[in-house]
There are 2 protein chains.
Amino acid sequence: MARQVSSTTLAQAVADHLRMRIHRGDVSPGERLPAERELAEQLGVARISLREAIRQLREDGYVEVRRGSTGGTYVTELHRPAEAWRARMRAQAGEMDDIIDFRIALETETAALAARRHTAVGLAPVREAVLALHDVIGRTAFRQADSRFHVALARAAGNERLEEAVESARGELFSPRDLLPFREPVEETLRDHQAIYEAVAAGDAAAASAAMRAHLEGTRRQLRIIVFGAEDGADEVAWSPV
Amino acid sequence: MARQVSSTTLAQAVADHLRMRIHRGDVSPGERLPAERELAEQLGVARISLREAIRQLREDGYVEVRRGSTGGTYVTELHRPAEAWRARMRAQAGEMDDIIDFRIALETETAALAARRHTAVGLAPVREAVLALHDVIGRTAFRQADSRFHVALARAAGNERLEEAVESARGELFSPRDLLPFREPVEETLRDHQAIYEAVAAGDAAAASAAMRAHLEGTRRQLRIIVFGAEDGADEVAWSPV
DNA sequence: GTGAATGGTTCTCGGTCCAGACCTTGATCG
DNA sequence: CGATCAAGGTCTGGACCGAGAACCATTCAC
């Protein structure tokens, strides 16, 4: 009966939104955000609120601001936020697993729903995202193709609540993959996405769900290596799909 | 790139919080909320913000306010909100199924996690909630015991994100069960809860997940009858657990 | 050097929120 | 019957936030 309730300031909401978009890879290191006046209008907020949000992101090392005619708000290489994220995951041991478990809950069922409701038109973006991963050059394109796949699949499932929750949960993980050597995750991700797509396209809900679970358990292993530096406890993953 | 971002007023947040608590059955028809000054302090907001929230709830027919020494804010019989909810679900056909599908995603995995992590101490509240349903007299007690079970199970799963999401999704459904004849849902719910509890206590994640799915599909059937008045399309439920 | 595009700053108006004081209502008890 | 008390109802002053608009400062291309 005693939980605290609070509202969010607009600047905070904008900062969260932008941070999530950076985490998800919608905008990548080196890229420039739209000009303040323009972005404020796009988001439907006053410029001063957007500026306060940018100030927060700058303090956390997500963006750098330059003035002048080629100026603007540029996304950094994200070294500092990535390291801060890693430190936080190390400090609060269970949190990373909780996020992954949450994603498993959402995305296995998302894959199953997409398989049951699959339509050619709904699956087209999913297929494109799978193909895009083949031609990927560089981390930026990799992260964007990866994100596109999961979001497209959520949309194909046709459930707005699931789609929003998937996007939100994905925003809590992100960038530290850039700290990994590059070849392996791409190949593994490519293989997993392919398998999920095929199961969904075949209308096999159980297989789609199982493939998604396997994919996310693979993500968990990767993140464990990144965060903790060694592959400990990687065998407790072997329980059968529910 | 063009999504709108917005903040919430504190009064709106408080109203949503209280409405959800009523939906979930934490406070039942006829019960009195704490005095305004007291409740405002509990929630950590100014009295004027709480009053604005109560004004909203009063307009929607959730509460009645009486003055004097036995006065206070009383929860109504909820006839009007229940009817409004039903009308909304009829108008937006897919929404009810989306909410149920969302709950299935969250709660099947919650049950599986609880089964894998089961500890005697964590399961005690779940067991109590199952037993409470045996002794239930009246709708109020039924709804509270039902709610207690799901929340206790989410807590036993030990994942805060899942727990919050489960509570939030449950807040979107609720009360219309009171419009049903009373005996059947109790017996069905009792049987389902018992099955879920036994699977969790046995550490059988797959069985717990399947039992939860069956329970929620049963809920879907009940709600279909309540909202649409007939049992249509009740057979498309028969696909096997994933 | 000039122009254009950008971020930086300041002002005003209205809305939100808080804290506190005070008023009104209605049940109850001496 | 009247006093009391616990509850909701109302008002005020001040702090802060958000929207909108105008203007300042910096940088770069030409």
# chains A, B, ... in the order shown; residues from 1 in each chain; ligands from 1
$ residues_around --residues "DA5 of chain C" --least-positions-apart "6" --cutoff "8 Å" --atoms "only C-alpha atoms (C1' of nucleotides)" --output "number ranges by chain"
A: 68-70
$ interface_residues --of "chain D" --to "chain B" --cutoff "6 Å" --atoms "only C-alpha atoms (C1' of nucleotides)" --output "MDAnalysis selection string"
chainID D and resid 6:8
$ interface_residues --of "chain B" --to "chain A" --cutoff "9 Å" --atoms "only C-alpha atoms" --output "count of residues only"
49
$ closest_atom_pairs --of "chain C" --to "chain A" --cutoff "8 Å" --atoms "only C-alpha atoms (C1' of nucleotides)" --output "Markdown table"
| residue | atom | partner | partner_atom | distance |
| --- | --- | --- | --- | --- |
| C:DA4 | C1' | A:Ser69 | CA | 7.2 |
| C:DA5 | C1' | A:Ser69 | CA | 4.4 |
| C:DT6 | C1' | A:Gly68 | CA | 4.8 |
| C:DG7 | C1' | A:Arg67 | CA | 5.1 |
$ write_last_selection --atoms "all heavy atoms" --output "short mmCIF file (atom, residue, chain, number, x, y, z; two decimals), in the first residue's frame"
data_model
loop_
_atom_site.label_atom_id
_atom_site.label_comp_id
_atom_site.auth_asym_id
_atom_site.auth_seq_id
_atom_site.Cartn_x
_atom_site.Cartn_y
_atom_site.Cartn_z
P DA C 4 22.34 33.72 -46.94
OP1 DA C 4 21.65 33.54 -48.22
OP2 DA C 4 21.83 34.66 -45.91
"O5'" DA C 4 22.48 32.29 -46.24
"C5'" DA C 4 23.40 31.36 -46.79
"C4'" DA C 4 23.64 30.24 -45.80
"O4'" DA C 4 24.65 30.65 -44.83
"C3'" DA C 4 22.41 29.85 -44.97
"O3'" DA C 4 22.39 28.45 -44.84
"C2'" DA C 4 22.64 30.52 -43.64
"C1'" DA C 4 24.15 30.39 -43.53
N9 DA C 4 24.78 31.32 -42.61
C8 DA C 4 24.41 32.62 -42.36
N7 DA C 4 25.17 33.23 -41.48
C5 DA C 4 26.11 32.26 -41.13
C6 DA C 4 27.20 32.28 -40.25
N6 DA C 4 27.54 33.33 -39.53
N1 DA C 4 27.93 31.15 -40.14
C2 DA C 4 27.58 30.09 -40.87
N3 DA C 4 26.58 29.95 -41.73
C4 DA C 4 25.88 31.09 -41.82
P DA C 5 20.97 27.68 -44.61
OP1 DA C 5 20.64 26.94 -45.83
OP2 DA C 5 20.02 28.65 -44.02
"O5'" DA C 5 21.36 26.65 -43.48
"C5'" DA C 5 22.54 25.87 -43.61
"C4'" DA C 5 23.12 25.64 -42.24
"O4'" DA C 5 23.71 26.85 -41.75
"C3'" DA C 5 22.08 25.21 -41.20
"O3'" DA C 5 22.36 23.89 -40.74
"C2'" DA C 5 22.23 26.22 -40.07
"C1'" DA C 5 23.58 26.84 -40.34
N9 DA C 5 23.67 28.21 -39.85
C8 DA C 5 22.82 29.24 -40.12
N7 DA C 5 23.15 30.37 -39.54
C5 DA C 5 24.29 30.06 -38.83
C6 DA C 5 25.14 30.82 -38.01
N6 DA C 5 24.94 32.10 -37.75
N1 DA C 5 26.21 30.20 -37.47
C2 DA C 5 26.40 28.91 -37.73
N3 DA C 5 25.69 28.09 -38.50
C4 DA C 5 24.63 28.73 -39.03
P DT C 6 21.31 23.14 -39.81
OP1 DT C 6 21.41 21.70 -40.15
OP2 DT C 6 20.02 23.85 -39.87
"O5'" DT C 6 21.89 23.36 -38.35
"C5'" DT C 6 23.11 22.72 -38.01
"C4'" DT C 6 23.78 23.45 -36.87
"O4'" DT C 6 23.91 24.86 -37.19
"C3'" DT C 6 23.02 23.50 -35.56
"O3'" DT C 6 23.15 22.29 -34.86
"C2'" DT C 6 23.74 24.63 -34.85
"C1'" DT C 6 24.24 25.52 -35.98
N1 DT C 6 23.64 26.88 -35.98
C2 DT C 6 24.29 27.86 -35.27
O2 DT C 6 25.31 27.67 -34.64
N3 DT C 6 23.67 29.09 -35.31
C4 DT C 6 22.51 29.41 -35.99
O4 DT C 6 22.05 30.54 -35.95
C5 DT C 6 21.88 28.32 -36.70
C7 DT C 6 20.61 28.54 -37.46
C6 DT C 6 22.47 27.12 -36.66
P DG C 7 22.23 22.04 -33.57
OP1 DG C 7 22.25 20.59 -33.28
OP2 DG C 7 20.96 22.73 -33.79
"O5'" DG C 7 23.00 22.81 -32.40
"C5'" DG C 7 24.29 22.36 -31.99
"C4'" DG C 7 24.96 23.42 -31.14
"O4'" DG C 7 24.73 24.71 -31.75
"C3'" DG C 7 24.42 23.54 -29.71
"O3'" DG C 7 25.49 23.88 -28.84
"C2'" DG C 7 23.41 24.65 -29.83
"C1'" DG C 7 24.13 25.58 -30.79
N9 DG C 7 23.22 26.49 -31.50
C8 DG C 7 22.24 26.14 -32.39
N7 DG C 7 21.59 27.17 -32.84
C5 DG C 7 22.16 28.26 -32.20
C6 DG C 7 21.86 29.65 -32.26
O6 DG C 7 21.01 30.20 -32.95
N1 DG C 7 22.69 30.41 -31.44
C2 DG C 7 23.68 29.89 -30.64
N2 DG C 7 24.36 30.77 -29.90
N3 DG C 7 23.97 28.60 -30.56
C4 DG C 7 23.18 27.85 -31.37
#
$ select_by_dssp --residues "segment 10-242 of chain B" --states "helix (DSSP H, G or I)" --output "number ranges by chain"
B: 10-24, 36-43, 47-59, 79-91, 93-116, 120-134, 138-156, 160-170, 175-179, 183-201, 205-228
$ atom_distance --atom1 "atom CA of Leu78 of chain B" --atom2 "atom CA of Tyr62 of chain B"
5.8 Å
$ atom_distance --atom1 "atom CA of Glu31 of chain B" --atom2 "atom CA of Thr76 of chain B"
8.3 Å
$ residues_around --residues "DG30 of chain C" --least-positions-apart "5" --cutoff "12 Å" --atoms "only C-alpha atoms (C1' of nucleotides)" --output "PyMOL selection string"
chain D and resi 1-4
$ residues_around --residues "DT10 of chain C" --least-positions-apart "5" --cutoff "12 Å" --atoms "only C-alpha atoms (C1' of nucleotides)" --output "PyMOL selection string"
(chain A and resi 48) or (chain D and resi 21-24)
$ write_last_selection --atoms "N, CA, C and O atoms (P, O5', C5', C4', C3', O3' and C1' of nucleotides)" --output "compact mmCIF listing (two decimals), in the first residue's frame"
# COMPACT_ATOMS: atom_id res chain seq x y z
N ILE A 48 13.76 23.73 -25.59
CA ILE A 48 14.45 23.80 -24.30
C ILE A 48 14.39 22.45 -23.58
O ILE A 48 15.34 22.07 -22.87
P DA D 21 5.66 30.38 -31.58
O5' DA D 21 6.62 31.65 -31.36
C5' DA D 21 6.28 32.60 -30.36
C4' DA D 21 7.49 33.47 -30.06
C3' DA D 21 8.37 33.76 -31.28
O3' DA D 21 8.53 35.16 -31.41
C1' DA D 21 9.67 33.08 -29.43
P DA D 22 9.12 35.77 -32.77
O5' DA D 22 10.25 36.75 -32.24
C5' DA D 22 10.11 37.43 -31.00
C4' DA D 22 11.46 37.57 -30.36
C3' DA D 22 12.56 38.05 -31.31
O3' DA D 22 13.07 39.29 -30.88
C1' DA D 22 13.29 36.22 -29.95
P DC D 23 14.06 40.09 -31.84
O5' DC D 23 15.49 39.70 -31.27
C5' DC D 23 15.75 39.90 -29.87
C4' DC D 23 17.00 39.14 -29.50
C3' DC D 23 18.24 39.45 -30.37
O3' DC D 23 19.28 39.89 -29.53
C1' DC D 23 18.00 37.13 -29.99
P DC D 24 20.67 40.41 -30.16
O5' DC D 24 21.69 39.30 -29.65
C5' DC D 24 21.73 38.98 -28.25
C4' DC D 24 22.79 37.92 -28.01
C3' DC D 24 24.12 38.17 -28.71
O3' DC D 24 25.18 37.90 -27.79
C1' DC D 24 23.28 36.05 -29.31
$ select_by_dssp --residues "segment 68-134 of chain A" --states "strand (DSSP E or B)" --output "tab-separated table (two decimals) with all heavy atoms, in the first residue's frame"
chain	number	residue	atom	x	y	z
A	72	GLY	N	26.45	20.38	-34.48
A	72	GLY	CA	25.31	19.52	-34.24
A	72	GLY	C	25.59	18.59	-33.07
A	72	GLY	O	26.61	18.72	-32.38
A	73	THR	N	24.70	17.63	-32.84
A	73	THR	CA	24.84	16.68	-31.75
A	73	THR	C	25.29	15.35	-32.34
A	73	THR	O	24.54	14.71	-33.07
A	73	THR	CB	23.50	16.52	-31.02
A	73	THR	OG1	22.99	17.81	-30.67
A	73	THR	CG2	23.69	15.68	-29.78
A	74	TYR	N	26.51	14.94	-32.02
A	74	TYR	CA	27.08	13.73	-32.59
A	74	TYR	C	27.15	12.62	-31.56
A	74	TYR	O	27.51	12.85	-30.41
A	74	TYR	CB	28.49	14.00	-33.13
A	74	TYR	CG	28.50	14.90	-34.34
A	74	TYR	CD1	28.41	16.28	-34.19
A	74	TYR	CD2	28.58	14.38	-35.62
A	74	TYR	CE1	28.41	17.12	-35.30
A	74	TYR	CE2	28.57	15.21	-36.73
A	74	TYR	CZ	28.49	16.58	-36.56
A	74	TYR	OH	28.46	17.39	-37.65
A	75	VAL	N	26.80	11.40	-31.96
A	75	VAL	CA	26.92	10.25	-31.07
A	75	VAL	C	28.41	9.89	-30.95
A	75	VAL	O	29.12	9.82	-31.96
A	75	VAL	CB	26.14	9.04	-31.62
A	75	VAL	CG1	26.31	7.83	-30.71
A	75	VAL	CG2	24.67	9.39	-31.77
$ atom_distance --atom1 "atom CA of Arg58 of chain B" --atom2 "atom CA of Arg80 of chain B"
11.0 Å
$ residues_around --residues "Glu77 of chain A" --least-positions-apart "5" --cutoff "12 Å" --atoms "only C-alpha atoms (C1' of nucleotides)" --output "list in words"
Ile22, His23, Gly25, Val27, Ser28, Pro29, Gly30, Glu31, Gly61, Tyr62, Val63, Glu64, Ala82, Glu83, Arg139, Thr140, Ser175, Pro176, Asp178 and Leu179 of chain A
$ write_last_selection --atoms "C-alpha atoms" --output "mmCIF file, in the first residue's frame"
data_model
loop_
_atom_site.group_PDB
_atom_site.id
_atom_site.type_symbol
_atom_site.label_atom_id
_atom_site.label_comp_id
_atom_site.auth_asym_id
_atom_site.auth_seq_id
_atom_site.Cartn_x
_atom_site.Cartn_y
_atom_site.Cartn_z
ATOM 1 C CA ILE A 22 21.322 4.781 -29.277
ATOM 2 C CA HIS A 23 21.385 1.515 -27.310
ATOM 3 C CA GLY A 25 21.619 1.050 -32.701
ATOM 4 C CA VAL A 27 21.679 5.910 -34.439
ATOM 5 C CA SER A 28 25.297 4.846 -34.395
ATOM 6 C CA PRO A 29 28.631 6.281 -33.246
ATOM 7 C CA GLY A 30 29.752 9.159 -35.424
ATOM 8 C CA GLU A 31 26.267 9.900 -36.684
ATOM 9 C CA GLY A 61 29.163 10.469 -22.559
ATOM 10 C CA TYR A 62 26.633 9.439 -25.178
ATOM 11 C CA VAL A 63 26.915 12.526 -27.381
ATOM 12 C CA GLU A 64 29.190 15.457 -28.144
ATOM 13 C CA ALA A 82 29.562 0.858 -22.554
ATOM 14 C CA GLU A 83 32.036 0.638 -19.708
ATOM 15 C CA ARG A 139 29.673 -2.866 -36.488
ATOM 16 C CA THR A 140 27.190 -0.176 -37.253
ATOM 17 C CA SER A 175 26.358 -1.665 -27.298
ATOM 18 C CA PRO A 176 28.871 -3.729 -25.380
ATOM 19 C CA ASP A 178 31.349 -3.665 -29.848
ATOM 20 C CA LEU A 179 33.848 -4.758 -27.248
#
$ residues_around --residues "Arg148 of chain A" --least-positions-apart "6" --cutoff "10 Å" --atoms "only C-alpha atoms (C1' of nucleotides)" --output "list in words"
Arg24, Gly25, Asp26, Pro125, Val126, Glu128, Ala129, Val130, Ala132, Leu133, Phe142 and Ala154 of chain A
$ closest_residue --among "A:Leu57, A:Arg221, A:Leu123, A:Ser147" --to "Glu198 of chain A" --atoms "only C-alpha atoms"
A:Leu123
